[in-house]
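File shown: target_18.cif (mmCIF, C-alpha atoms).
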data_run
#
loop_
_atom_site.label_atom_id
_atom_site.label_comp_id
_atom_site.auth_asym_id
_atom_site.auth_seq_id
_atom_site.Cartn_x
_atom_site.Cartn_y
_atom_site.Cartn_z
CA MET A 81 9.06 48.60 3.00
CA GLU A 82 5.72 49.37 1.37
CA GLN A 83 6.19 46.44 -1.03
CA ALA A 84 6.78 44.07 1.89
CA ARG A 85 3.52 45.17 3.50
CA ARG A 86 1.62 44.44 0.29
CA ASP A 87 3.18 40.94 0.07
CA ILE A 88 1.85 39.93 3.48
CA ASN A 89 -1.68 41.16 2.83
CA PRO A 90 -3.99 38.78 4.79
CA GLY A 91 -6.40 38.42 1.90
CA ARG A 92 -3.62 37.46 -0.46
CA LEU A 93 -2.20 34.92 1.98
CA THR A 94 -5.62 33.39 2.53
CA ALA A 95 -6.16 32.99 -1.20
CA GLN A 96 -2.71 31.42 -1.59
CA MET A 97 -3.34 28.97 1.26
CA GLN A 98 -6.66 27.94 -0.24
CA GLN A 99 -5.00 27.32 -3.59
CA ASP A 100 -2.24 25.27 -1.95
CA THR A 101 -4.74 23.06 -0.09
CA HIS A 102 -6.94 22.27 -3.11
CA PRO A 103 -4.98 19.09 -4.04
CA ILE A 104 -5.09 17.94 -0.41
CA GLN A 105 -8.83 18.53 -0.18
CA GLU A 106 -9.43 16.43 -3.28
CA THR A 107 -7.39 13.59 -1.79
CA PHE A 108 -9.46 13.71 1.40
CA ARG A 109 -12.69 13.70 -0.60
CA GLU A 110 -11.58 10.64 -2.59
CA LEU A 111 -10.48 8.84 0.58
CA ALA A 112 -13.77 9.61 2.32
CA ALA A 113 -15.83 8.42 -0.66
CA ALA A 114 -13.83 5.20 -1.05
CA THR A 115 -14.45 4.25 2.59
CA GLY A 116 -18.16 5.06 2.58
CA GLY A 117 -17.96 8.51 4.15
CA ARG A 118 -17.94 12.09 3.00
CA ALA A 119 -15.63 15.00 3.53
CA LEU A 120 -17.18 18.03 5.23
CA ARG A 121 -16.20 21.47 4.04
CA ARG A 122 -15.56 24.27 6.48
CA ALA A 123 -18.96 25.82 6.89
CA SER A 124 -20.42 28.80 8.73
CA ASP A 125 -23.28 26.65 10.02
CA ILE A 126 -21.46 24.03 12.08
CA ALA A 127 -24.69 22.97 13.80
CA ALA A 128 -26.25 22.00 10.48
CA GLU A 129 -23.17 19.98 9.50
CA LEU A 130 -23.25 18.11 12.82
CA ALA A 131 -26.96 17.45 12.44
CA SER A 132 -26.34 15.96 8.99
CA ILE A 133 -23.76 13.59 10.48
CA VAL A 134 -26.27 12.45 13.11
CA ASN A 135 -28.92 11.89 10.44
CA ASP A 136 -26.50 9.78 8.39
CA GLY A 137 -25.97 7.52 11.40
CA ARG A 138 -29.71 6.91 11.71
CA ALA A 139 -29.95 5.54 8.18
CA ALA A 140 -27.14 2.99 8.19
CA TYR A 141 -27.31 -0.68 7.23
CA THR A 142 -24.72 -3.44 7.34
CA LEU A 143 -24.21 -5.47 4.17
CA SER A 144 -21.65 -8.24 3.73
CA PHE A 145 -20.69 -10.90 1.25
CA THR A 146 -18.05 -13.61 0.86
CA PRO A 147 -16.17 -13.90 -2.47
CA ASP A 148 -16.69 -17.26 -4.14
CA THR A 149 -13.38 -17.20 -6.03
CA PRO A 150 -9.79 -17.71 -4.83
CA ALA A 151 -7.89 -14.66 -3.62
CA ASP A 152 -6.01 -12.99 -6.47
CA GLY A 153 -4.17 -10.12 -4.77
CA ALA A 154 -6.13 -7.57 -6.83
CA TYR A 155 -8.36 -4.64 -5.94
CA HIS A 156 -12.05 -5.20 -6.68
CA HIS A 157 -14.67 -2.48 -7.08
CA LEU A 158 -18.06 -2.70 -5.40
CA THR A 159 -21.35 -1.19 -6.53
CA VAL A 160 -24.50 -1.07 -4.40
CA LYS A 161 -27.86 -0.08 -5.94
CA LEU A 162 -31.45 0.14 -4.73
CA ALA A 163 -33.79 -1.51 -7.20
CA THR A 164 -36.87 0.52 -6.25
CA ARG A 165 -35.50 3.93 -5.18
CA ARG A 166 -33.65 6.49 -7.27
CA ASP A 167 -33.98 9.48 -4.94
CA ILE A 168 -31.54 8.22 -2.31
CA THR A 169 -27.79 8.78 -2.20
CA LEU A 170 -25.82 5.75 -1.05
CA ARG A 171 -22.41 6.00 0.56
CA TYR A 172 -20.46 2.80 1.01
CA ARG A 173 -17.00 1.30 0.71
CA THR A 174 -16.34 1.22 -3.02
CA GLY A 175 -13.89 -1.67 -3.17
CA TYR A 176 -11.58 -4.08 -1.37
CA LEU A 177 -8.16 -5.65 -1.81
CA TYR A 178 -8.55 -9.43 -2.05
CA GLU A 179 -5.20 -10.38 -0.59
CA LYS A 180 -3.68 -13.80 -1.14
CA GLU A 181 -2.56 -15.84 1.81
CA PRO A 182 1.26 -15.85 2.07
CA ALA A 183 2.58 -18.98 0.35
CA THR A 184 6.03 -19.28 1.95
CA LEU A 185 7.34 -18.96 5.49
CA LYS A 186 9.34 -15.90 4.41
CA GLU A 187 6.18 -14.20 3.17
CA ARG A 188 4.32 -15.16 6.35
CA PHE A 189 7.15 -13.71 8.47
CA GLN A 190 7.06 -10.43 6.52
CA ASN A 191 3.31 -10.35 7.03
CA ALA A 192 3.77 -11.00 10.75
CA VAL A 193 6.19 -8.07 11.01
CA TRP A 194 4.10 -5.49 9.16
CA ARG A 195 0.42 -6.28 9.27
CA PRO A 196 -1.62 -4.22 11.78
CA ALA A 197 -3.26 -7.11 13.63
CA ASP A 198 -1.38 -9.75 15.60
CA PHE A 199 -1.16 -13.44 14.63
CA SER A 200 -2.85 -15.73 17.15
CA GLU A 201 -1.72 -19.18 16.02
CA ILE A 202 0.49 -19.27 19.14
CA ALA A 203 -0.85 -17.52 22.24
CA LEU A 204 1.64 -15.08 23.74
CA SER A 205 1.65 -12.81 26.76
CA ALA A 206 4.37 -10.42 27.85
CA THR A 207 5.22 -8.11 30.72
CA PRO A 208 7.73 -5.30 30.17
CA SER A 209 10.44 -5.06 32.82
CA THR A 210 12.15 -1.68 33.10
CA SER A 211 13.99 -2.36 36.36
CA SER A 212 16.87 -4.14 34.63
CA SER A 213 19.48 -2.66 32.31
CA PRO A 214 18.90 -3.10 29.46
CA ALA A 215 15.12 -3.24 29.63
CA ALA A 216 13.60 -6.67 29.09
CA VAL A 217 10.35 -8.39 28.25
CA LYS A 218 9.12 -11.36 30.27
CA LEU A 219 7.52 -13.50 27.57
CA ASN A 220 5.19 -16.45 28.07
CA VAL A 221 4.51 -18.86 25.19
CA ALA A 222 1.53 -21.22 25.38
CA ALA A 223 3.08 -24.68 25.00
CA THR A 224 -0.33 -26.16 24.15
CA ASP A 225 -0.12 -24.29 20.81
CA LEU A 226 3.25 -25.85 19.95
CA ALA A 227 3.91 -29.16 18.18
CA LEU A 228 6.43 -30.64 20.59
CA ALA A 229 7.53 -34.01 19.17
CA GLN A 230 8.78 -36.92 21.24
CA GLN A 231 12.25 -38.16 20.30
CA ALA A 232 14.45 -40.55 22.29
CA GLY A 233 12.47 -39.96 25.46
CA PHE A 234 12.41 -36.15 25.19
CA TRP A 235 9.85 -33.64 23.95
CA MET A 236 11.59 -31.53 21.29
CA ASP A 237 10.95 -28.40 19.28
CA LYS A 238 12.65 -25.18 18.20
CA LEU A 239 11.24 -21.69 18.59
CA ASP A 240 12.47 -18.74 16.53
CA ILE A 241 11.93 -15.60 18.60
CA PHE A 242 12.24 -12.12 17.06
CA LEU A 243 12.00 -8.68 18.62
CA VAL A 244 10.92 -6.20 15.94
CA GLN A 245 11.21 -2.49 16.65
CA ARG A 246 8.86 -0.62 14.28
CA ASP A 247 8.52 3.13 13.85
CA ASP A 248 5.17 4.91 14.08
CA ALA A 249 4.90 5.34 10.31
CA LEU A 250 5.58 1.63 9.67
CA PHE A 251 8.38 2.51 7.27
CA HIS A 252 11.33 0.99 9.12
CA ALA A 253 11.93 -2.00 11.37
CA LYS A 254 14.94 -3.30 13.27
CA ILE A 255 14.93 -7.03 13.98
CA ASP A 256 16.84 -9.03 16.60
CA GLY A 257 16.32 -12.78 16.84
CA GLN A 258 17.39 -16.01 18.43
CA THR A 259 16.48 -19.70 18.26
CA LEU A 260 15.41 -21.48 21.43
CA GLY A 261 15.87 -25.26 21.42
CA LEU A 262 13.43 -27.24 23.57
CA ARG A 263 14.47 -30.66 24.92
CA LEU A 264 12.11 -31.51 27.74
CA LYS A 265 11.77 -34.49 30.01
CA SER A 266 8.27 -35.80 30.61
CA SER A 267 7.99 -33.99 33.97
CA SER A 268 9.08 -30.67 32.42
CA TYR A 269 6.77 -31.26 29.47
CA GLU A 270 3.75 -31.59 31.76
CA LYS A 271 4.76 -28.41 33.58
CA VAL A 272 5.10 -26.25 30.47
CA LEU A 273 1.79 -27.53 29.13
CA ARG A 274 0.25 -26.19 32.31
CA ASP A 275 2.25 -22.99 32.85
CA GLY A 276 3.62 -22.14 29.41
CA ILE A 277 7.24 -21.43 28.51
CA ASN A 278 8.71 -18.39 30.25
CA ILE A 279 11.50 -16.49 28.49
CA ASP A 280 13.30 -13.27 29.44
CA GLU A 281 14.11 -11.28 26.30
CA PRO A 282 16.41 -8.24 26.70
CA VAL A 283 15.63 -5.24 24.51
CA LYS A 284 19.10 -4.23 23.35
CA ASN A 285 18.24 -0.92 21.71
CA LEU A 286 15.29 0.65 23.46
CA PRO A 287 12.92 2.21 20.89
CA GLY A 288 12.19 5.87 21.50
CA SER A 289 8.80 5.66 19.79
CA GLY A 290 6.69 3.29 17.75
CA ALA A 291 6.16 -0.25 18.98
CA LEU A 292 7.92 -3.50 19.79
CA ARG A 293 6.43 -6.54 18.07
CA ILE A 294 7.35 -9.99 19.36
CA VAL A 295 7.25 -12.76 16.74
CA VAL A 296 7.44 -16.44 17.71
CA ILE A 297 7.65 -19.21 15.08
CA ASP A 298 7.27 -22.92 15.84
CA GLU A 299 9.76 -24.66 13.53
CA ASN A 300 7.91 -27.98 13.75
CA THR A 301 4.76 -26.56 12.16
CA GLY A 302 5.51 -23.03 10.93
CA ARG A 303 2.84 -21.61 13.22
CA ILE A 304 3.33 -17.96 14.13
CA GLY A 305 2.28 -15.92 17.13
CA THR A 306 2.84 -12.18 17.53
CA LEU A 307 2.33 -9.64 20.28
CA THR A 308 2.74 -5.88 19.99
CA LEU A 309 3.80 -3.60 22.84
CA PRO A 310 3.91 0.22 22.68
CA ALA A 311 7.43 1.59 23.04
CA SER A 312 6.22 3.71 25.96
CA SER A 313 5.66 0.56 28.04
CA LEU A 314 9.42 -0.13 27.92
CA VAL A 315 10.45 3.28 29.25
CA LYS A 316 11.28 3.43 32.92
CA LYS A 317 8.91 5.71 34.79
CA PRO A 318 10.56 8.46 36.85
#
Output the file's structure in the form of structure tokens.
Amino acid sequence: MEQARRDINPGRLTAQMQQDTHPIQETFRELAAATGGRALRRASDIAAELASIVNDGRAAYTLSFTPDTPADGAYHHLTVKLATRRDITLRYRTGYLYEKEPATLKERFQNAVWRPADFSEIALSATPSTSSSPAAVKLNVAATDLALAQQAGFWMDKLDIFLVQRDDALFHAKIDGQTLGLRLKSSSYEKVLRDGINIDEPVKNLPGSGALRIVVIDENTGRIGTLTLPASSLVKKP
């Protein structure tokens, strides 16, 4: 029993915890430095630490540049120096990934599924509907962003519509899709140009968390539009 009490000595546990967190602290320091910040250590004088953060914000400048070479998909390091001052410490983003534009439709679709920001080549709006079973999304597609082509007296196009359920960590995605064929008379064509194309999309397997991303592809041009809804918006309120 005495041995057990010695094993749970608070000082020993504290030392062990500090040792275990050393690798994590180094990772945080590297991440902070790479993004132009700094990691703050736990300090007894919190007021002084907060004051230093405020002072940093008073001495900030915005610098930008545009690469003059084609994107190569590689990470590039940045260095910023002051020509006339050596007594100042500079903190800035130390590099950037110069991503190539996706070359194929498959690559563009993968990018549309996973990238944080939405594509805006086709304007989309959506309203979740939780009154039906299963839940559904009322989707509106801006027809003015589509390349409807006139054939044999009709305005024609095909839209590939995908519902992508992504988890919070962006590790997994479940995709359901369908193709919508458009064959519009002139009167219908004028109407959808004005009001957009309205589509009810059922959500077959309601995501418990994460987000639902809607991906619309115009087959005539390859244009892509995406819209992301939080999973919580598809849950029926009690």
Can you list what the PyMOL selection byres ((chain A and resi 250) around 12) grabs from this structure, as a PDB file with C-alpha atoms, in the frame of the given file?
ATOM      1  CA  VAL A 193       6.190  -8.070  11.010  1.00  0.00           C
ATOM      2  CA  TRP A 194       4.100  -5.490   9.160  1.00  0.00           C
ATOM      3  CA  ARG A 195       0.420  -6.280   9.270  1.00  0.00           C
ATOM      4  CA  PRO A 196      -1.620  -4.220  11.780  1.00  0.00           C
ATOM      5  CA  VAL A 244      10.920  -6.200  15.940  1.00  0.00           C
ATOM      6  CA  GLN A 245      11.210  -2.490  16.650  1.00  0.00           C
ATOM      7  CA  ARG A 246       8.860  -0.620  14.280  1.00  0.00           C
ATOM      8  CA  ASP A 247       8.520   3.130  13.850  1.00  0.00           C
ATOM      9  CA  ASP A 248       5.170   4.910  14.080  1.00  0.00           C
ATOM     10  CA  ALA A 249       4.900   5.340  10.310  1.00  0.00           C
ATOM     11  CA  PHE A 251       8.380   2.510   7.270  1.00  0.00           C
ATOM     12  CA  HIS A 252      11.330   0.990   9.120  1.00  0.00           C
ATOM     13  CA  ALA A 253      11.930  -2.000  11.370  1.00  0.00           C
ATOM     14  CA  LYS A 254      14.940  -3.300  13.270  1.00  0.00           C
ATOM     15  CA  SER A 289       8.800   5.660  19.790  1.00  0.00           C
ATOM     16  CA  GLY A 290       6.690   3.290  17.750  1.00  0.00           C
ATOM     17  CA  ALA A 291       6.160  -0.250  18.980  1.00  0.00           C
ATOM     18  CA  LEU A 292       7.920  -3.500  19.790  1.00  0.00           C
ATOM     19  CA  ARG A 293       6.430  -6.540  18.070  1.00  0.00           C
TER      20      ARG A 293
END
Could you expand the PyMOL selection byres ((chain A and resi 151-158) around 7) into the explicit residues it covers here, written as a ChimeraX atom specification?
/A:149-150,159-160,174-180
Matched chain/residue IDs from the PyMOL selection byres ((chain A and resi 294) around 12), as a PyMOL selection string
chain A and resi 189+192-194+198-200+202-208+217-221+240-246+254-258+279+281-283+291-293+295-297+304-310
Would you mind listing what lies within 12 Å of Lys161 in chain A as a list in words, with only C-alpha atoms counted and same-chain residues fewer than 5 positions away left out?
Arg166, Asp167, Ile168, Thr169, Leu170, Arg171, Tyr172 and Thr174 of chain A
Between CA of Leu260 in chain A and CA of Lys238 in chain A, what is the distance in Å, rounded to a tenth?
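These two atoms are separated by 5.6 Å.
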Could you jot down the CA of Ser266 in chain A to CA of Asp298 in chain A separation for me, Å, one decimal place?
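Those two atoms sit 19.6 Å apart.
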Would you mind reading off the distance between CA of Leu273 in chain A and CA of Ala223 in chain A, one decimal, in Å?
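These two atoms are separated by 5.2 Å.
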May I have the residues within 12 Å of Glu299 in chain A as a list in words, using all atoms listed in the file and disregarding those fewer than 4 positions away in the same chain?
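Answer for this query is Leu185, Leu226, Ala227, Leu228, Ala229, Met236, Asp237, Lys238, Leu239, Asp240, Ile241, Thr259, Leu260, Gly261, Leu262, Arg303 and Ile304 of chain A.
Closest approach to Ser213 in chain A from the set A:Val315, A:Leu162, A:Thr184, A:Gln231 is made by A:Val315, with distances taken over all atoms listed in the file.
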